[in-house]
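Q: What follows is a structure written as structure tokens; I'll ask about it next.
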Number of protein chains: 4
Amino acid sequence: MTVRFGLLGAGRIGKVHAKAVMGDANAKLVAVTDAMPAAAQAIADQYGCDVRSMEAILAATDIDAVVICTPTDTHADLIEAFVKAGKAVFCEKPIDLSLDRVKSCLEVVRAHKGTLMVGFNRRFDPHFQAVRAEIDKGTIGDVEMAVITSRDPGAPPVEYIARSGGIFRDMTIHDFDMARFLLGEEIAEVSAMAAVLVDQAIGKEGDFDSVQVMLKTASGRQAMISNSRRATYGYDQRIEVHGSKGAVSAENQRPVSIEVATGAGYTRPPLHDFFMTRYTEAYGAEIASFIAALSSGKPAAPSGEDGLIALALAEAALKSVAEGRTVKMSEIL
Amino acid sequence: MTVRFGLLGAGRIGKVHAKAVMGDANAKLVAVTDAMPAAAQAIADQYGCDVRSMEAILAATDIDAVVICTPTDTHADLIEAFVKAGKAVFCEKPIDLSLDRVKSCLEVVRAHKGTLMVGFNRRFDPHFQAVRAEIDKGTIGDVEMAVITSRDPGAPPVEYIARSGGIFRDMTIHDFDMARFLLGEEIAEVSAMAAVLVDQAIGKEGDFDSVQVMLKTASGRQAMISNSRRATYGYDQRIEVHGSKGAVSAENQRPVSIEVATGAGYTRPPLHDFFMTRYTEAYGAEIASFIAALSSGKPAAPSGEDGLIALALAEAALKSVAEGRTVKMSEIL
Amino acid sequence: MTVRFGLLGAGRIGKVHAKAVMGDANAKLVAVTDAMPAAAQAIADQYGCDVRSMEAILAATDIDAVVICTPTDTHADLIEAFVKAGKAVFCEKPIDLSLDRVKSCLEVVRAHKGTLMVGFNRRFDPHFQAVRAEIDKGTIGDVEMAVITSRDPGAPPVEYIARSGGIFRDMTIHDFDMARFLLGEEIAEVSAMAAVLVDQAIGKEGDFDSVQVMLKTASGRQAMISNSRRATYGYDQRIEVHGSKGAVSAENQRPVSIEVATGAGYTRPPLHDFFMTRYTEAYGAEIASFIAALSSGKPAAPSGEDGLIALALAEAALKSVAEGRTVKMSEIL
Amino acid sequence: MTVRFGLLGAGRIGKVHAKAVMGDANAKLVAVTDAMPAAAQAIADQYGCDVRSMEAILAATDIDAVVICTPTDTHADLIEAFVKAGKAVFCEKPIDLSLDRVKSCLEVVRAHKGTLMVGFNRRFDPHFQAVRAEIDKGTIGDVEMAVITSRDPGAPPVEYIARSGGIFRDMTIHDFDMARFLLGEEIAEVSAMAAVLVDQAIGKEGDFDSVQVMLKTASGRQAMISNSRRATYGYDQRIEVHGSKGAVSAENQRPVSIEVATGAGYTRPPLHDFFMTRYTEAYGAEIASFIAALSSGKPAAPSGEDGLIALALAEAALKSVAEGRTVKMSEIL
């Protein structure tokens, strides 16, 4: 079975997904739409698909699934519309910045027995998958404590910060999802600390650029997250999990693995400096997983619920910072 | 000038310090005392020093300084007695498990203008010293966030736990001191989470074996600590510091640096499995630093105040766990 | 300008090159041919190109260049035929197992001012390219000594050995080319040692499976090569270059970068176990370089001469083993 | 039993051995002698031993063993004299620069059933010992191929070169011994290449500063050695052994294990810059091994024969360079 795709949004991330769809033998890109006709046309030219209007894609009988890469504030409406139209939906995170809006959207998905997968791409990174695979094999015994270090190469423009929902909803949300992926249990408690150390303009927007979070499950499993909006040495993305029988970790990735030795020491190159080069393989594997789920009829994951919980963890972290206390997830969801 | 030493306590750590004193060209071990005469005699035989009573060492005119390696509940009394006797004092951490007792002890030290150095050996590890040296050189710019991972090879016997004051006062206390060493600013806020995942018997004593702590200074500098009482792969002791211009980290240490490659992968040996082999160089450098301070008349560090603050951080962590909130250090000290 | 390609040979390596051609925006795969029609048809189906006879491709006016992936004993004849037909030729190494045949083939290429590039894929590996780039930047000063370690995951079937020309012509030839790539000077002297340690059946064919070679240029620059047909830990491919100001090296590559720590030590996964996964990026970059040369009119490299010299180095190594002496390249070429 | 030592030669390496003797619970330094009385006195003052004349030590009844650290041209005579006097002898390498003189010396040792251990310190390095231990455990199966990289931080003064016997007898000799230690079989064939790349003054003395050597045993086991007199990044000392079931290697050693990450990449400090700091542990373990052999009555190793063979390998390498051919060890010994 070939899954026939419509692509909603032809920007930077839309192009990544278009390539992933075209590279999958079980999928085909049928049409693309974008508010900027030129952007849609560029993808159409490259892959030989149609440019259509959003309405036409919604009504199309030759399209089984859509990939939503439009601005965040359109996600929930589009999910509802396409689920109602009977199409499977892959949506970039987040579903929405409002927890209530996410909840109501997921109710619509459930009511229509829709298929919704949310784009937490890091779960599909081959290195992180290998970490999870070792846990599943029992190599490290029972999972006890995770440490997640996640730093961006550089802070985004302040105008982006304003729209992003802030560091916890925009950046840490990936680490919240990763913590759940690694701990294998629901988070029960959240404590966070936050500061502005990188760019005072971010502070003026009411956001932070340097934060740390602790998480705990009901059984006592723990995770720590360290986030900064700026790392001079590249895109710092490390995970490690400590368990009763051992530990497993994924190292940082760099474009080339060489080492130069001089009187100044032994130097390896900086890390990847961009999320798209760091997670190239993850983006491909993510769409392949969506296609495989559709083909097999198995549930697509991460689900809308996963998207909801990660956002709720961000809410809890914000509340923890504001109130100077450990927040129970039962207060949020 | 040769510093003439008395050694109080001839147990495991006493032997380490005896060796350090004897290995230093500017020091001499004059006498040793211990509640177990055979233990004192063994050191006397090895290094050709006297066995004397505690009282005799206190009264001795041929002894300039003492190293206190007796049980914790004797530390504060001995510090006071020897400071009053005009001797310089090096005391193993902690000064006492009670914050009030530590405070009153330090008052006595101050009143007598005594010299007191507290044994936070890790500050003298050459790798951690090299990390600090890079910070001081400005290599990483302004310090922003530290991550400290500290795991023992195995949990101590439960009877030790009972006497130790618990994981925060006994184990994390080293990491609290290290966080201060690395951040270069006083800690203002503490949040901690704790669980029993390794040994339920530890939980029955009212203690924890798996904890994580977040710290923050007034200016927003942050540190995270992850502790477990048991790591199957050895004594896991890592620090890393992220700053405005870069980051610096110290790797784990192992007895030998070989790598075996087979069909199962590339394997390096486990880490050191004992704090004394891991920190051999640190113990020597620590006593050398004490001797150098005495010889030069400069202050010995870490000081009694450093001991007090590390203990106060442990108190704050306990309070944070108990009350489910971020604790301000101004509440404790 | 779009370079229009014919693919000669639809086997394992033919598929790799077909994919590389299709992935290049400046190239197009027009037709494929193979002695096995089904193999050609599979590629045609996948990429929407024609299946044609060898004669038809030779005569085609809609084909600018060919990629030769047929058996070795056809290479020289095909190069001559296609160069005469005015087509640019990319040919898998080796041009031929006979030095004389290679020489006569290159004369034909020269006589027709043909374009010939030989497939030494490793020069295009991003890690090895980064090593070369550091040399070019002057980071290590003058190149002095190279060490090349090259081990296959497992010995090929004995019947392959018989056709391959032996380990020096088939396997070490890549390392000879790499030595020239790294030293930046022509090799003047060769000394080799060889043994059968892996598989006695290889010895019965008159070949070796474990060899080491030393090379020296006229100015005294040196390289060492260590080859084995079998490494249990994967495809071992390392280079390092020592110079007057420092050294540079490329590490081995593995599919995923994780590390598992247990009581048995710290283990990373084995290396890639297949040359095609190890050199995936190199194969793509190699064809891209050919296409870029054709588009720009610049010479394609490595050239037929490079292929000739690498084969001559293999001849010299064989002679060195047979005669127990250092062989001068002036004796061979 | 306590082994009572005389130390012959109180220079740089004499001090290292004096410290090793004093640090061993089963040994005692009784007397020291040196052509420079002040040097001997300094050691006597530090360790509380006598300064005596060479004759007095030779005649002493309170000395069981001597450590010879005098200039190379005195070694053979002193070995003979002290063996005749019934004392066990530890002698720094080499026994002599002349193969004939070494042979006649060893005959005297044999005739008097003397004990002679030669100072190939690297065999006692804990990392190299761990490599050998893995081989002995069978982890890598049958040993097949070794690669030894050995580079000094900087070339010695030219006047030293003149006295040293040249790079093969002075520097590579350690690697020849290491190759034998790793291969576990006698070397049958030697091929070498040599050049002057570091310092032309070395060439004027008739010596080389950049050499590479290949070795082979009768069964086909192979080793390669790469030597340079100058490495800007420190004292480069690596070994690796490839076998039928896997491989094992020892990494380089550096004073501190930190890593600094900046926009320029990830940098670890340079290596040790001096053989004494690199091989501190080896020097201690070497003397401890000599003492243990004397105490247990077991043979001391490496033996005089090991010293002879390593020197013979140096002769073979020189002959190989001079004659441009592979030299059989049966031609030398």
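Please note that chains go A, B, ... in the order of the structure tokens, that every chain numbers its residues from 1, and that ligands are numbered from 1 in the order shown.
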Hey, what's within 10 Å of range 159-174 of chain B if we count only C-alpha atoms and toss same-chain stuff fewer than 2 positions away? As a PyMOL selection string, please?
A: chain B and resi 71-73+93-94+96-98+119-123+150-152+155-157+176-179+192+194+201-202+205-213+225-229+307+309-318
Q: Could you pull out the helix (DSSP H, G or I) residues of range 53-197 of chain D, going by DSSP on the backbone, and write them as an NGL selection string?
A: :D and (54-59 or 72-84 or 99-111 or 121-124 or 126-137 or 158-164 or 167-183)
Q: Using the selection just defined, write its residues with C-alpha atoms as a PDB file, in the first residue's frame.
A:
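As a result, result_2.pdb now contains:
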```pdb
ATOM      1  CA  MET D  54      82.385   1.786  43.802  1.00  0.00           C
ATOM      2  CA  GLU D  55      85.022  -0.551  45.245  1.00  0.00           C
ATOM      3  CA  ALA D  56      83.443  -0.444  48.669  1.00  0.00           C
ATOM      4  CA  ILE D  57      80.052  -1.366  47.283  1.00  0.00           C
ATOM      5  CA  LEU D  58      81.626  -4.164  45.276  1.00  0.00           C
ATOM      6  CA  ALA D  59      83.217  -5.531  48.457  1.00  0.00           C
ATOM      7  CA  THR D  72      76.356   3.196  28.941  1.00  0.00           C
ATOM      8  CA  ASP D  73      80.038   2.504  28.245  1.00  0.00           C
ATOM      9  CA  THR D  74      80.528   1.303  31.830  1.00  0.00           C
ATOM     10  CA  HIS D  75      77.541  -1.067  31.938  1.00  0.00           C
ATOM     11  CA  ALA D  76      79.158  -4.272  30.694  1.00  0.00           C
ATOM     12  CA  ASP D  77      82.226  -3.950  32.904  1.00  0.00           C
ATOM     13  CA  LEU D  78      80.124  -3.217  35.981  1.00  0.00           C
ATOM     14  CA  ILE D  79      77.750  -6.101  35.267  1.00  0.00           C
ATOM     15  CA  GLU D  80      80.692  -8.483  35.062  1.00  0.00           C
ATOM     16  CA  ALA D  81      82.346  -7.129  38.195  1.00  0.00           C
ATOM     17  CA  PHE D  82      79.225  -7.246  40.339  1.00  0.00           C
ATOM     18  CA  VAL D  83      78.065 -10.620  39.075  1.00  0.00           C
ATOM     19  CA  LYS D  84      81.515 -11.975  39.920  1.00  0.00           C
ATOM     20  CA  LEU D  99      76.675  -6.770  20.077  1.00  0.00           C
ATOM     21  CA  ASP D 100      79.939  -8.643  20.649  1.00  0.00           C
ATOM     22  CA  ARG D 101      80.540  -6.930  23.969  1.00  0.00           C
ATOM     23  CA  VAL D 102      76.990  -7.770  25.092  1.00  0.00           C
ATOM     24  CA  LYS D 103      77.556 -11.414  24.134  1.00  0.00           C
ATOM     25  CA  SER D 104      80.809 -11.689  26.064  1.00  0.00           C
ATOM     26  CA  CYS D 105      79.237  -9.969  29.056  1.00  0.00           C
ATOM     27  CA  LEU D 106      76.314 -12.394  29.080  1.00  0.00           C
ATOM     28  CA  GLU D 107      78.772 -15.287  28.951  1.00  0.00           C
ATOM     29  CA  VAL D 108      80.347 -14.020  32.161  1.00  0.00           C
ATOM     30  CA  VAL D 109      76.888 -13.709  33.734  1.00  0.00           C
ATOM     31  CA  ARG D 110      76.068 -17.279  32.726  1.00  0.00           C
ATOM     32  CA  ALA D 111      79.435 -18.633  33.857  1.00  0.00           C
ATOM     33  CA  ASN D 121      60.675  -0.150  31.787  1.00  0.00           C
ATOM     34  CA  ARG D 122      57.767  -0.084  29.355  1.00  0.00           C
ATOM     35  CA  ARG D 123      56.942  -3.719  29.974  1.00  0.00           C
ATOM     36  CA  PHE D 124      55.905  -2.579  33.454  1.00  0.00           C
ATOM     37  CA  PRO D 126      50.194  -0.684  33.873  1.00  0.00           C
ATOM     38  CA  HIS D 127      48.418   0.055  30.596  1.00  0.00           C
ATOM     39  CA  PHE D 128      50.781  -2.076  28.506  1.00  0.00           C
ATOM     40  CA  GLN D 129      50.628  -4.771  31.171  1.00  0.00           C
ATOM     41  CA  ALA D 130      46.847  -4.716  30.869  1.00  0.00           C
ATOM     42  CA  VAL D 131      47.191  -5.163  27.093  1.00  0.00           C
ATOM     43  CA  ARG D 132      49.440  -8.167  27.640  1.00  0.00           C
ATOM     44  CA  ALA D 133      46.995  -9.526  30.243  1.00  0.00           C
ATOM     45  CA  GLU D 134      44.150  -9.434  27.718  1.00  0.00           C
ATOM     46  CA  ILE D 135      46.306 -11.344  25.246  1.00  0.00           C
ATOM     47  CA  ASP D 136      47.144 -13.910  27.922  1.00  0.00           C
ATOM     48  CA  LYS D 137      43.463 -14.273  28.793  1.00  0.00           C
ATOM     49  CA  VAL D 158      73.093  16.335  18.837  1.00  0.00           C
ATOM     50  CA  GLU D 159      75.977  15.504  21.207  1.00  0.00           C
ATOM     51  CA  TYR D 160      73.710  12.928  22.863  1.00  0.00           C
ATOM     52  CA  ILE D 161      72.887  11.414  19.476  1.00  0.00           C
ATOM     53  CA  ALA D 162      76.588  10.839  18.858  1.00  0.00           C
ATOM     54  CA  ARG D 163      76.942   8.778  22.051  1.00  0.00           C
ATOM     55  CA  SER D 164      73.580   7.040  21.868  1.00  0.00           C
ATOM     56  CA  ILE D 167      67.931   6.104  16.870  1.00  0.00           C
ATOM     57  CA  PHE D 168      67.551   2.347  16.387  1.00  0.00           C
ATOM     58  CA  ARG D 169      69.837   1.435  19.314  1.00  0.00           C
ATOM     59  CA  ASP D 170      68.662   4.217  21.575  1.00  0.00           C
ATOM     60  CA  MET D 171      64.985   4.781  20.886  1.00  0.00           C
ATOM     61  CA  THR D 172      63.539   2.029  18.689  1.00  0.00           C
ATOM     62  CA  ILE D 173      65.175  -0.539  20.986  1.00  0.00           C
ATOM     63  CA  HIS D 174      62.271  -0.004  23.405  1.00  0.00           C
ATOM     64  CA  ASP D 175      59.799  -0.702  20.616  1.00  0.00           C
ATOM     65  CA  PHE D 176      61.704  -3.789  19.504  1.00  0.00           C
ATOM     66  CA  ASP D 177      61.382  -5.109  23.036  1.00  0.00           C
ATOM     67  CA  MET D 178      57.709  -4.138  23.121  1.00  0.00           C
ATOM     68  CA  ALA D 179      57.107  -5.932  19.800  1.00  0.00           C
ATOM     69  CA  ARG D 180      58.596  -9.125  21.277  1.00  0.00           C
ATOM     70  CA  PHE D 181      56.531  -8.600  24.450  1.00  0.00           C
ATOM     71  CA  LEU D 182      53.352  -8.301  22.376  1.00  0.00           C
ATOM     72  CA  LEU D 183      53.928 -10.847  19.601  1.00  0.00           C
TER      73      LEU D 183
END
```
Q: Using only C-alpha atoms, select each residue of chain C with any atom at most 10 Å away from an atom of chain A, and give the selection as JSON, numbers by chain.
A: {"C": [25, 46, 125, 126, 127, 128, 129, 130, 131, 134, 139, 140, 239, 240, 241, 242, 243, 244, 245, 246, 247, 248, 249, 250, 251, 252, 253, 255, 256, 257, 258, 259, 260, 261, 262, 263, 264, 265, 266, 267, 268, 269]}
Q: Keeping only N, CA and C atoms, write those residues as a short mmCIF file (atom, residue, chain, number, x, y, z; two decimals), in the first residue's frame.
A:
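The resulting result_24.cif:
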```
data_model
loop_
_atom_site.label_atom_id
_atom_site.label_comp_id
_atom_site.auth_asym_id
_atom_site.auth_seq_id
_atom_site.Cartn_x
_atom_site.Cartn_y
_atom_site.Cartn_z
N ALA C 25 21.37 16.96 -8.30
CA ALA C 25 20.47 17.83 -9.05
C ALA C 25 20.99 18.13 -10.45
N GLN C 46 13.07 1.34 -10.61
CA GLN C 46 13.18 2.22 -9.44
C GLN C 46 13.35 3.68 -9.83
N ASP C 125 35.51 10.30 1.36
CA ASP C 125 34.96 10.17 2.70
C ASP C 125 35.10 11.51 3.41
N PRO C 126 34.02 12.01 4.04
CA PRO C 126 34.11 13.35 4.65
C PRO C 126 35.17 13.44 5.74
N HIS C 127 35.39 12.35 6.46
CA HIS C 127 36.38 12.36 7.54
C HIS C 127 37.80 12.43 6.96
N PHE C 128 38.04 11.63 5.92
CA PHE C 128 39.37 11.65 5.30
C PHE C 128 39.60 12.99 4.57
N GLN C 129 38.54 13.51 4.00
CA GLN C 129 38.64 14.83 3.37
C GLN C 129 39.00 15.89 4.41
N ALA C 130 38.42 15.76 5.59
CA ALA C 130 38.72 16.73 6.65
C ALA C 130 40.17 16.61 7.09
N VAL C 131 40.70 15.39 7.09
CA VAL C 131 42.13 15.19 7.40
C VAL C 131 42.98 15.91 6.35
N GLU C 134 42.95 19.67 6.78
CA GLU C 134 43.84 20.18 7.84
C GLU C 134 45.28 20.25 7.35
N THR C 139 47.92 23.03 9.31
CA THR C 139 47.78 22.79 10.75
C THR C 139 48.88 21.91 11.31
N ILE C 140 49.29 20.91 10.54
CA ILE C 140 50.30 19.98 11.08
C ILE C 140 51.68 20.24 10.48
N ILE C 239 43.15 6.46 9.54
CA ILE C 239 44.34 7.10 8.98
C ILE C 239 44.86 8.10 9.98
N GLU C 240 46.17 8.27 10.02
CA GLU C 240 46.73 9.34 10.82
C GLU C 240 47.98 9.86 10.15
N VAL C 241 48.21 11.14 10.28
CA VAL C 241 49.35 11.77 9.64
C VAL C 241 50.06 12.63 10.67
N HIS C 242 51.35 12.41 10.76
CA HIS C 242 52.20 13.13 11.69
C HIS C 242 53.04 14.12 10.91
N GLY C 243 53.10 15.35 11.40
CA GLY C 243 53.86 16.37 10.69
C GLY C 243 54.73 17.19 11.62
N SER C 244 55.38 18.18 11.05
CA SER C 244 56.35 18.96 11.82
C SER C 244 55.70 19.81 12.90
N LYS C 245 54.41 20.14 12.73
CA LYS C 245 53.75 20.98 13.73
C LYS C 245 52.66 20.26 14.51
N GLY C 246 52.36 19.02 14.13
CA GLY C 246 51.31 18.31 14.84
C GLY C 246 50.89 17.07 14.07
N ALA C 247 49.73 16.57 14.40
CA ALA C 247 49.24 15.36 13.75
C ALA C 247 47.74 15.47 13.58
N VAL C 248 47.21 14.69 12.64
CA VAL C 248 45.76 14.68 12.44
C VAL C 248 45.34 13.25 12.13
N SER C 249 44.20 12.85 12.64
CA SER C 249 43.75 11.48 12.44
C SER C 249 42.25 11.44 12.24
N ALA C 250 41.79 10.38 11.57
CA ALA C 250 40.35 10.13 11.42
C ALA C 250 40.02 8.85 12.16
N GLU C 251 39.02 8.93 12.99
CA GLU C 251 38.60 7.79 13.81
C GLU C 251 37.74 6.83 13.00
N ASN C 252 37.57 5.66 13.55
CA ASN C 252 36.65 4.70 12.97
C ASN C 252 35.20 5.17 13.08
N GLN C 253 34.37 4.64 12.25
CA GLN C 253 32.96 5.00 12.21
C GLN C 253 32.09 3.82 12.63
N PRO C 255 27.73 2.64 13.36
CA PRO C 255 26.36 3.07 13.03
C PRO C 255 25.74 3.97 14.09
N VAL C 256 25.92 3.64 15.36
CA VAL C 256 25.37 4.50 16.42
C VAL C 256 26.42 4.74 17.49
N SER C 257 26.35 5.93 18.07
CA SER C 257 27.34 6.37 19.06
C SER C 257 26.75 6.30 20.46
N ILE C 258 26.61 5.11 20.97
CA ILE C 258 26.18 5.02 22.36
C ILE C 258 27.26 4.30 23.14
N GLU C 259 27.14 4.37 24.45
CA GLU C 259 28.08 3.67 25.31
C GLU C 259 27.28 3.06 26.46
N VAL C 260 27.54 1.78 26.71
CA VAL C 260 26.88 1.07 27.80
C VAL C 260 27.92 0.80 28.88
N ALA C 261 27.58 1.16 30.12
CA ALA C 261 28.50 0.92 31.25
C ALA C 261 27.89 -0.12 32.17
N THR C 262 28.66 -1.16 32.45
CA THR C 262 28.22 -2.17 33.41
C THR C 262 29.45 -2.60 34.22
N GLY C 263 29.27 -3.58 35.05
CA GLY C 263 30.40 -4.09 35.82
C GLY C 263 31.51 -4.62 34.91
N ALA C 264 31.16 -4.93 33.67
CA ALA C 264 32.15 -5.45 32.72
C ALA C 264 32.93 -4.34 32.02
N GLY C 265 32.54 -3.11 32.24
CA GLY C 265 33.25 -1.99 31.62
C GLY C 265 32.33 -1.13 30.79
N TYR C 266 32.95 -0.28 29.98
CA TYR C 266 32.24 0.68 29.13
C TYR C 266 32.33 0.21 27.68
N THR C 267 31.20 -0.06 27.07
CA THR C 267 31.21 -0.66 25.74
C THR C 267 30.48 0.19 24.71
N ARG C 268 31.18 0.45 23.60
CA ARG C 268 30.56 1.08 22.44
C ARG C 268 30.31 0.01 21.39
N PRO C 269 29.34 0.21 20.53
CA PRO C 269 29.02 -0.84 19.54
C PRO C 269 30.17 -1.08 18.56
#
```
Q: Would you kindly return, as a list in words, each protein, DNA or RNA residue with an atom no farther than 7 Å from any atom of Gly6 in chain B, considering only C-alpha atoms and excluding same-chain residues fewer than 6 positions away?
A: Leu29, Val30, Ala31, Val32, Ile57, Ile63, Ala65, Val66 and Val67 of chain B
Q: Keeping only N, CA and C atoms, write the selected residues to a file as a PDB file, in the first residue's frame.
A:
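Done, and the output landed in result_32.pdb:
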```pdb
ATOM      1  N   LEU B  29      55.824  13.379  60.545  1.00  0.00           N
ATOM      2  CA  LEU B  29      54.816  12.808  61.436  1.00  0.00           C
ATOM      3  C   LEU B  29      55.512  12.467  62.748  1.00  0.00           C
ATOM      4  N   VAL B  30      55.093  13.143  63.830  1.00  0.00           N
ATOM      5  CA  VAL B  30      55.759  12.980  65.124  1.00  0.00           C
ATOM      6  C   VAL B  30      55.074  11.914  65.970  1.00  0.00           C
ATOM      7  N   ALA B  31      53.757  11.942  65.987  1.00  0.00           N
ATOM      8  CA  ALA B  31      53.047  11.018  66.874  1.00  0.00           C
ATOM      9  C   ALA B  31      51.675  10.685  66.313  1.00  0.00           C
ATOM     10  N   VAL B  32      51.176   9.530  66.755  1.00  0.00           N
ATOM     11  CA  VAL B  32      49.849   9.082  66.343  1.00  0.00           C
ATOM     12  C   VAL B  32      49.122   8.561  67.569  1.00  0.00           C
ATOM     13  N   ILE B  57      49.466  14.367  73.050  1.00  0.00           N
ATOM     14  CA  ILE B  57      49.587  15.130  71.796  1.00  0.00           C
ATOM     15  C   ILE B  57      49.093  16.564  72.004  1.00  0.00           C
ATOM     16  N   ILE B  63      54.844  19.343  68.490  1.00  0.00           N
ATOM     17  CA  ILE B  63      53.812  19.122  67.466  1.00  0.00           C
ATOM     18  C   ILE B  63      53.147  20.456  67.141  1.00  0.00           C
ATOM     19  N   ALA B  65      50.798  20.763  64.382  1.00  0.00           N
ATOM     20  CA  ALA B  65      49.509  20.646  63.696  1.00  0.00           C
ATOM     21  C   ALA B  65      48.972  19.229  63.870  1.00  0.00           C
ATOM     22  N   VAL B  66      47.653  19.097  63.819  1.00  0.00           N
ATOM     23  CA  VAL B  66      47.062  17.757  63.903  1.00  0.00           C
ATOM     24  C   VAL B  66      46.123  17.509  62.728  1.00  0.00           C
ATOM     25  N   VAL B  67      46.006  16.233  62.407  1.00  0.00           N
ATOM     26  CA  VAL B  67      45.047  15.790  61.402  1.00  0.00           C
ATOM     27  C   VAL B  67      44.017  14.949  62.127  1.00  0.00           C
TER      28      VAL B  67
END
```
Q: List every residue of range 13-184 of chain B that DSSP, applied to the backbone, labels as strand (DSSP E or B), and write the result as JSON, numbers by chain.
A: {"B": [27, 28, 29, 30, 31, 32, 33, 50, 51, 65, 66, 67, 68, 88, 89, 90, 91, 92, 116, 117, 118, 119, 143, 144, 145, 146, 147, 148, 149, 150, 151]}
Q: As a CSV table (one decimal) with N, CA and C atoms, in the first residue's frame, please: the residues near Thr2 in chain C (cut-off 9 Å, only C-alpha atoms, same-chain neighbours under 4 positions excluded).
A:
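And here's selection.csv as it stands now:
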```csv
chain,number,residue,atom,x,y,z
C,25,ALA,N,21.4,17.0,-8.3
C,25,ALA,CA,20.5,17.8,-9.1
C,25,ALA,C,21.0,18.1,-10.5
C,26,ASN,N,22.3,17.9,-10.7
C,26,ASN,CA,22.9,18.2,-12.0
C,26,ASN,C,23.1,17.0,-12.9
C,27,ALA,N,22.4,15.9,-12.5
C,27,ALA,CA,22.6,14.7,-13.3
C,27,ALA,C,21.3,13.9,-13.4
C,28,LYS,N,21.3,13.0,-14.4
C,28,LYS,CA,20.1,12.3,-14.7
C,28,LYS,C,20.6,10.9,-15.2
C,291,ILE,N,30.5,14.6,-11.6
C,291,ILE,CA,29.6,15.5,-12.3
C,291,ILE,C,30.0,17.0,-12.2
C,295,SER,N,30.8,19.3,-15.4
C,295,SER,CA,30.0,20.6,-15.6
C,295,SER,C,31.0,21.8,-15.7
```
Q: Within 7 Å of Gly304 in chain C, counting only C-alpha atoms, which residues qualify if same-chain residues fewer than 6 places away don't, as a list in words?
A: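 My reading of the contact set: Leu106, Leu116, Met117 and Val118 of chain C.
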Q: Write a file of the selected residues as a PDB file, in the first residue's frame, keeping N, CA and C atoms.
A:
```pdb
ATOM      1  N   LEU C 106      45.359   3.708 -20.986  1.00  0.00           N
ATOM      2  CA  LEU C 106      45.522   5.146 -20.722  1.00  0.00           C
ATOM      3  C   LEU C 106      46.057   5.878 -21.954  1.00  0.00           C
ATOM      4  N   LEU C 116      38.618  10.448 -17.917  1.00  0.00           N
ATOM      5  CA  LEU C 116      38.525   9.198 -17.162  1.00  0.00           C
ATOM      6  C   LEU C 116      38.768   9.472 -15.693  1.00  0.00           C
ATOM      7  N   MET C 117      37.803   9.059 -14.889  1.00  0.00           N
ATOM      8  CA  MET C 117      37.964   9.156 -13.428  1.00  0.00           C
ATOM      9  C   MET C 117      37.896   7.749 -12.869  1.00  0.00           C
ATOM     10  N   VAL C 118      38.778   7.434 -11.910  1.00  0.00           N
ATOM     11  CA  VAL C 118      38.828   6.093 -11.336  1.00  0.00           C
ATOM     12  C   VAL C 118      38.269   6.118  -9.914  1.00  0.00           C
TER      13      VAL C 118
END
```
Q: Work out how far CA of Ala282 in chain B is from CA of Ala300 in chain B, in Å to one decimal.
A: 15.6 Å
Q: If you measure from CA of Ala44 in chain B to CA of Glu286 in chain B, what distance in Å do you get, rounded to one decimal?
A: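 Computed distance, CA of Ala44 in chain B to CA of Glu286 in chain B, equals 21.9 Å.
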Q: Measure the distance from CA of Tyr279 in chain A to CA of Tyr235 in chain C in Å and round it to one decimal.
A: 24.8 Å
